[in-house]
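Reproduced below: upload_1.cif, with mmCIF, C-alpha atoms.
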data_upload
#
loop_
_atom_site.label_atom_id
_atom_site.label_comp_id
_atom_site.auth_asym_id
_atom_site.auth_seq_id
_atom_site.Cartn_x
_atom_site.Cartn_y
_atom_site.Cartn_z
CA MET A 51 73.09 104.51 -57.60
CA LYS A 52 76.28 103.63 -59.42
CA LEU A 53 78.33 106.43 -60.92
CA PHE A 54 80.26 106.17 -64.18
CA PRO A 55 82.49 109.18 -64.89
CA ALA A 56 83.10 109.29 -68.63
CA ILE A 57 86.06 109.75 -70.91
CA ASP A 58 85.29 110.17 -74.61
CA ILE A 59 88.34 109.59 -76.80
CA LYS A 60 88.88 111.12 -80.23
CA ASP A 61 92.26 111.28 -81.97
CA GLY A 62 93.80 109.97 -78.75
CA GLN A 63 92.50 112.93 -76.74
CA CYS A 64 89.85 113.31 -74.05
CA VAL A 65 87.04 115.31 -75.65
CA ARG A 66 83.32 116.02 -75.39
CA LEU A 67 80.93 116.47 -78.29
CA ARG A 68 77.68 118.43 -78.32
CA GLN A 69 74.72 116.21 -79.30
CA GLY A 70 77.11 113.74 -80.91
CA VAL A 71 78.29 116.16 -83.61
CA TYR A 72 81.88 115.20 -84.42
CA ASP A 73 82.91 118.66 -85.57
CA ASP A 74 81.51 120.29 -82.42
CA LYS A 75 84.06 119.12 -79.88
CA THR A 76 85.94 120.47 -76.89
CA VAL A 77 89.33 118.97 -75.99
CA TYR A 78 89.81 118.57 -72.23
CA ALA A 79 93.06 116.60 -72.08
CA ASP A 80 95.73 115.33 -74.45
CA GLU A 81 96.38 112.29 -72.24
CA PRO A 82 93.14 110.58 -71.17
CA TRP A 83 94.95 108.28 -68.72
CA LYS A 84 95.68 111.28 -66.50
CA VAL A 85 91.96 112.05 -66.37
CA ALA A 86 91.28 108.42 -65.43
CA LYS A 87 93.79 108.64 -62.58
CA ASP A 88 92.06 111.77 -61.31
CA PHE A 89 88.71 109.94 -61.41
CA GLU A 90 90.14 107.06 -59.39
CA ALA A 91 91.71 109.44 -56.88
CA ALA A 92 88.29 111.10 -56.45
CA GLY A 93 86.76 107.76 -55.45
CA ALA A 94 85.25 106.55 -58.71
CA GLY A 95 84.50 102.84 -58.73
CA PHE A 96 84.13 102.43 -62.50
CA ILE A 97 85.13 104.41 -65.60
CA HIS A 98 83.08 104.67 -68.79
CA LEU A 99 85.06 105.03 -72.03
CA VAL A 100 83.87 105.77 -75.55
CA ASP A 101 86.04 105.36 -78.64
CA LEU A 102 84.36 108.07 -80.73
CA ASP A 103 86.46 107.35 -83.80
CA GLY A 104 85.67 103.67 -83.41
CA ALA A 105 81.93 104.32 -83.22
CA ARG A 106 82.06 106.23 -86.47
CA GLU A 107 84.40 103.92 -88.37
CA GLY A 108 83.11 100.59 -87.07
CA ARG A 109 86.49 99.42 -85.77
CA SER A 110 88.73 100.02 -82.78
CA VAL A 111 90.81 103.16 -83.27
CA ASN A 112 92.03 104.37 -79.88
CA ASP A 113 93.29 101.15 -78.28
CA GLU A 114 96.61 102.76 -77.37
CA ALA A 115 94.88 105.41 -75.27
CA VAL A 116 92.59 102.76 -73.74
CA LYS A 117 95.55 100.58 -72.80
CA ALA A 118 97.29 103.54 -71.16
CA ILE A 119 94.20 104.13 -69.03
CA ILE A 120 93.98 100.49 -67.95
CA ASN A 121 97.69 100.44 -67.11
CA ASN A 122 97.33 103.47 -64.86
CA VAL A 123 94.20 102.69 -62.82
CA SER A 124 93.09 99.73 -60.73
CA ILE A 125 89.33 100.25 -61.00
CA PRO A 126 87.25 98.53 -63.71
CA VAL A 127 86.71 100.13 -67.10
CA GLU A 128 83.96 99.68 -69.69
CA ILE A 129 84.17 100.76 -73.31
CA GLY A 130 81.94 101.26 -76.31
CA GLY A 131 82.54 102.39 -79.87
CA GLY A 132 83.28 100.28 -82.92
CA ILE A 133 82.62 96.89 -81.36
CA ARG A 134 81.13 94.86 -84.19
CA THR A 135 82.48 91.29 -83.86
CA THR A 136 83.28 88.61 -81.30
CA GLU A 137 86.93 89.20 -82.12
CA ASP A 138 86.52 92.88 -81.22
CA ILE A 139 85.15 91.86 -77.83
CA SER A 140 87.99 89.39 -77.23
CA LYS A 141 90.58 92.06 -78.05
CA LYS A 142 89.00 94.58 -75.69
CA LEU A 143 88.83 92.08 -72.85
CA ALA A 144 92.45 91.12 -73.55
CA LEU A 145 93.39 94.79 -73.10
CA GLY A 146 92.00 94.53 -69.59
CA VAL A 147 88.56 96.07 -70.14
CA SER A 148 85.98 94.70 -67.69
CA ARG A 149 82.99 94.93 -69.99
CA VAL A 150 82.15 96.09 -73.49
CA ILE A 151 79.21 98.06 -74.82
CA ILE A 152 77.50 96.93 -78.00
CA GLY A 153 75.47 99.61 -79.77
CA THR A 154 75.05 99.57 -83.54
CA GLU A 155 75.27 95.79 -83.88
CA ALA A 156 72.53 95.30 -81.27
CA VAL A 157 70.19 96.96 -83.78
CA ARG A 158 71.55 95.33 -86.90
CA ARG A 159 72.24 91.85 -85.52
CA PRO A 160 70.44 91.11 -82.24
CA ASP A 161 71.65 87.50 -82.40
CA PHE A 162 75.23 88.82 -82.15
CA VAL A 163 74.38 90.06 -78.65
CA LYS A 164 72.98 86.65 -77.70
CA GLU A 165 76.08 84.89 -79.04
CA SER A 166 78.35 87.32 -77.20
CA ILE A 167 76.58 86.73 -73.89
CA LEU A 168 76.77 82.98 -74.35
CA GLU A 169 80.51 83.24 -75.04
CA PHE A 170 81.59 85.90 -72.56
CA GLY A 171 78.80 86.01 -69.96
CA PRO A 172 76.15 88.64 -69.15
CA ASP A 173 78.46 90.60 -66.85
CA ARG A 174 80.85 91.33 -69.72
CA ILE A 175 78.28 92.61 -72.22
CA VAL A 176 76.29 95.83 -71.95
CA VAL A 177 74.04 97.21 -74.68
CA GLY A 178 74.05 100.90 -75.47
CA ILE A 179 70.70 102.29 -76.58
CA ASP A 180 71.12 105.78 -78.00
CA ALA A 181 67.86 107.46 -78.92
CA LYS A 182 66.57 110.60 -80.55
CA ASP A 183 62.83 111.29 -80.26
CA GLY A 184 62.43 107.76 -78.93
CA LYS A 185 64.07 106.11 -81.97
CA VAL A 186 67.41 104.31 -81.80
CA ALA A 187 70.46 105.89 -83.48
CA VAL A 188 73.43 103.93 -84.83
CA SER A 189 76.86 104.45 -86.47
CA GLY A 190 78.11 107.08 -84.07
CA TRP A 191 74.62 108.64 -83.97
CA GLU A 192 74.81 109.65 -87.61
CA GLU A 193 71.96 107.37 -88.63
CA ILE A 194 68.49 107.09 -87.03
CA SER A 195 66.70 103.73 -87.24
CA ARG A 196 62.97 103.04 -87.09
CA ILE A 197 63.25 100.99 -83.90
CA ALA A 198 61.79 102.35 -80.68
CA ALA A 199 64.19 102.34 -77.72
CA VAL A 200 61.85 100.34 -75.48
CA ASP A 201 61.32 97.68 -78.15
CA LEU A 202 65.06 97.23 -78.58
CA ALA A 203 65.52 97.04 -74.81
CA LEU A 204 62.90 94.30 -74.51
CA LEU A 205 64.51 92.38 -77.36
CA MET A 206 67.90 92.68 -75.65
CA LYS A 207 66.37 91.33 -72.44
CA ASP A 208 65.24 88.28 -74.39
CA MET A 209 68.85 87.89 -75.58
CA GLY A 210 70.08 87.67 -71.98
CA VAL A 211 71.16 91.30 -71.44
CA LYS A 212 71.05 92.57 -67.85
CA THR A 213 72.28 96.13 -68.23
CA VAL A 214 71.62 98.82 -70.85
CA ILE A 215 72.99 102.33 -71.17
CA TYR A 216 70.31 104.73 -72.32
CA THR A 217 71.45 107.95 -73.95
CA ASP A 218 69.14 110.73 -75.02
CA ILE A 219 71.17 112.28 -77.85
CA SER A 220 69.35 115.59 -77.65
CA LYS A 221 70.66 115.96 -74.10
CA ASP A 222 74.22 114.73 -74.60
CA GLY A 223 76.94 117.26 -73.95
CA MET A 224 74.36 120.00 -73.45
CA LEU A 225 74.33 120.16 -69.62
CA SER A 226 70.57 120.59 -69.84
CA GLY A 227 69.54 117.82 -67.45
CA PRO A 228 68.92 114.13 -68.21
CA ASN A 229 65.67 112.78 -69.61
CA VAL A 230 64.55 111.27 -66.30
CA GLU A 231 61.02 110.49 -67.50
CA GLN A 232 62.10 108.43 -70.53
CA THR A 233 64.88 106.72 -68.58
CA LYS A 234 62.48 105.71 -65.81
CA LYS A 235 59.92 104.54 -68.37
CA LEU A 236 62.53 102.31 -69.99
CA ALA A 237 63.55 100.85 -66.63
CA ASP A 238 59.95 100.30 -65.51
CA GLU A 239 58.84 98.69 -68.77
CA THR A 240 61.81 96.35 -69.11
CA GLY A 241 62.98 95.57 -65.57
CA LEU A 242 66.58 95.96 -66.80
CA ASP A 243 69.37 97.79 -64.99
CA VAL A 244 69.32 101.10 -66.87
CA VAL A 245 72.27 103.46 -66.76
CA ALA A 246 71.32 107.02 -67.72
CA SER A 247 73.62 108.96 -70.00
CA GLY A 248 73.41 112.45 -71.46
CA GLY A 249 72.65 115.82 -69.97
CA VAL A 250 73.71 115.38 -66.34
CA SER A 251 74.76 118.87 -65.25
CA SER A 252 74.49 118.96 -61.46
CA VAL A 253 74.24 117.00 -58.25
CA GLU A 254 70.51 117.70 -58.36
CA ASP A 255 70.28 115.86 -61.70
CA LEU A 256 71.93 112.85 -60.08
CA ARG A 257 69.48 113.04 -57.18
CA LYS A 258 66.52 113.06 -59.57
CA LEU A 259 67.82 109.92 -61.27
CA ALA A 260 68.45 108.24 -57.92
CA ASP A 261 64.97 109.17 -56.68
CA ALA A 262 63.52 107.64 -59.87
CA GLY A 263 65.22 104.36 -58.98
CA ILE A 264 67.67 104.46 -61.89
CA TYR A 265 70.51 101.93 -61.59
CA GLY A 266 73.37 104.20 -62.64
CA ALA A 267 74.44 107.45 -64.26
CA ILE A 268 77.17 108.37 -66.76
CA PHE A 269 78.45 111.93 -66.80
CA GLY A 270 81.54 113.67 -68.07
CA LYS A 271 81.18 117.25 -69.18
CA ALA A 272 79.76 118.32 -65.81
CA ILE A 273 83.01 117.15 -64.18
CA TYR A 274 85.21 118.87 -66.75
CA GLU A 275 83.23 122.10 -66.45
CA HIS A 276 83.47 121.91 -62.62
CA ARG A 277 79.71 121.67 -62.14
CA ILE A 278 80.00 118.37 -60.29
CA ASP A 279 82.69 117.53 -57.74
CA LEU A 280 83.30 113.83 -58.35
CA LYS A 281 84.79 113.32 -54.90
CA GLU A 282 81.66 114.70 -53.24
CA VAL A 283 79.13 112.78 -55.31
CA THR A 284 80.92 109.45 -54.87
CA LYS A 285 80.49 109.94 -51.12
CA GLU A 286 76.79 110.70 -51.51
CA PHE A 287 75.72 108.05 -54.01
CA GLU A 288 78.05 105.07 -53.79
#
Translate the structure described by the file into structure tokens.
Amino acid sequence: MKLFPAIDIKDGQCVRLRQGVYDDKTVYADEPWKVAKDFEAAGAGFIHLVDLDGAREGRSVNDEAVKAIINNVSIPVEIGGGIRTTEDISKKLALGVSRVIIGTEAVRRPDFVKESILEFGPDRIVVGIDAKDGKVAVSGWEEISRIAAVDLALLMKDMGVKTVIYTDISKDGMLSGPNVEQTKKLADETGLDVVASGGVSSVEDLRKLADAGIYGAIFGKAIYEHRIDLKEVTKEFE
């Protein structure tokens, strides 16, 4: 199973939110690039970034912090948050990002995903499916749509998507364990590479996801709170 240690960026800082609530944040580092270097030193093979301000505002906000990360590590980086246009994707790739995550626009304009894959290739485009009670959330999780997560995933598969990141919002930042059942259901029903996100709190949580055949796992708070030793889990799972 692939591991994706996460850095969420807000106001240029490395933070974590609880259940996506912007006012309920904990700041872990003023310079996210130092966190990225620590991840690389621990053996991480990929870093997951989220521009929280970008997700909320619908435009890139923390490019300076992202660029600093890319300049200081040699492992690939993916990013989501505020990516709404082909130009946004081009700019992110020009920064040195390996792949971008499309969330809100996948719901609002599925054809945008198809166009992006045709232009940049399926290895550069990942779709983020963030759900609450099985329904997809958009705009930095502040708006819940009527679309079921599995239906969106199947539509994305038709658009040429290979990988989706599935986040259970109720679990995110809560260290309460991932929603293994729903994540496995999504993977089984779509045949896509599903990366689980939200709620991972221990090595045991990672083992449950791996045993369920899940492609990958994103986790951040568990590292910052010293519940997971990144160096140890990279040895076990990658």
Practice item. Apply the PyMOL selection byres ((chain A and resi 159-164) around 10) to the structure shown and report the selected residues as an MDAnalysis selection string. Key: chainID A and resid 134:136 152:158 165:169 171:172 175:177 202 205:211
Got a sec to resolve the PyMOL selection byres ((chain A and resi 277) around 10) on this structure and send the residues as a PDB file with C-alpha atoms, keeping the file's coordinate frame?
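Dumped to expr03.pdb:
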ATOM      1  CA  LEU A 225      74.330 120.160 -69.620  1.00  0.00           C
ATOM      2  CA  VAL A 250      73.710 115.380 -66.340  1.00  0.00           C
ATOM      3  CA  SER A 251      74.760 118.870 -65.250  1.00  0.00           C
ATOM      4  CA  SER A 252      74.490 118.960 -61.460  1.00  0.00           C
ATOM      5  CA  VAL A 253      74.240 117.000 -58.250  1.00  0.00           C
ATOM      6  CA  LYS A 271      81.180 117.250 -69.180  1.00  0.00           C
ATOM      7  CA  ALA A 272      79.760 118.320 -65.810  1.00  0.00           C
ATOM      8  CA  ILE A 273      83.010 117.150 -64.180  1.00  0.00           C
ATOM      9  CA  TYR A 274      85.210 118.870 -66.750  1.00  0.00           C
ATOM     10  CA  GLU A 275      83.230 122.100 -66.450  1.00  0.00           C
ATOM     11  CA  HIS A 276      83.470 121.910 -62.620  1.00  0.00           C
ATOM     12  CA  ILE A 278      80.000 118.370 -60.290  1.00  0.00           C
ATOM     13  CA  ASP A 279      82.690 117.530 -57.740  1.00  0.00           C
ATOM     14  CA  LEU A 280      83.300 113.830 -58.350  1.00  0.00           C
TER      15      LEU A 280
END
Check your understanding: Hey, what's within 10 Å of Lys87 (chain A) if we count all atoms listed in the file and toss same-chain stuff fewer than 6 positions away? As a list of chain:residue names, please?
Key ->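 Final neighbour list, sorted by chain and number: A:Ala94, A:Ile119, A:Ile120, A:Asn122, A:Val123, A:Ser124, A:Ile125.
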Using all atoms of region 264-274 of chain A listed in the file and a margin of 3 Å per side, can you give the axis-aligned box centre and edge lengths in Å to one decimal, as JSON?
{"center_x": 76.4, "center_y": 110.4, "center_z": -65.4, "size_x": 23.5, "size_y": 22.9, "size_z": 13.6}
Check your understanding: Using the chain letters and numbers from the file, which residues does the PyMOL selection byres ((chain A and resi 68) around 12) grab, as a VMD selection string?
Key -> chain A and resid 58 65 to 67 69 to 77 191 218 to 226 248 to 249 270 to 271
Exercise for review: Go through A:Lys185, A:Val85, A:Asp201, A:Gly178 and flag the residue nearest Asp243 (chain A), using all atoms listed in the file for the distances.
Suggested key: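 Result for the nearest residue to Asp243 (chain A): A:Gly178.
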Point to revise | Best match for closeness to Thr233 (chain A) among A:Asp103, A:Asp80, A:Asp180, A:Asp113, counting all atoms listed in the file | key: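 Once distances to Thr233 (chain A) are computed over all atoms listed in the file, the minimum belongs to A:Asp180.
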Exercise for review: For CA of Glu239 (chain A) and CA of Ile97 (chain A), quote the distance in Å rounded to one decimal.
Suggested key: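 It comes out at 27.1 Å.
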Review point. Using only C-alpha atoms, which residue out of A:Gly130, A:Gly146, A:Gly93, A:Gly263 lies closest to Ser189 (chain A)?
Key: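 Checking each of A:Gly130, A:Gly146, A:Gly93, A:Gly263 against Ser189 (chain A), counting only C-alpha atoms, the winner is A:Gly130.
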**Study point:** d(CA of Lys285 (chain A), CA of Val127 (chain A)) in Å
**Key:**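 Those two atoms sit 19.8 Å apart.
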**Study point:** Selected residue of minimal separation from Leu145 (chain A) among A:Leu236, A:Ala79, A:Ile129, A:Ala262, counting only C-alpha atoms
**Key:**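 The closest residue to Leu145 (chain A) is A:Ile129.
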Practice item. Give me, please, the distance in Å between CA of Ala181 (chain A) and CA of Ile57 (chain A), quoted to one decimal. Key: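 Value for the CA of Ala181 (chain A)-CA of Ile57 (chain A) distance: 20.0 Å.
Contact shell of Ala198 (chain A) at 10 Å (all atoms listed in the file; same-chain neighbours under 5 positions omitted): Ile179, Ala181, Lys182, Asp183, Gly184, Lys185, Val186, Ala187 and Ala203 of chain A.
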Check your understanding: Of the residues A:Lys258, A:Lys60, A:Lys281, A:Lys235, which is the one nearest to Val111 (chain A), using all atoms listed in the file?
Key -> A:Lys60
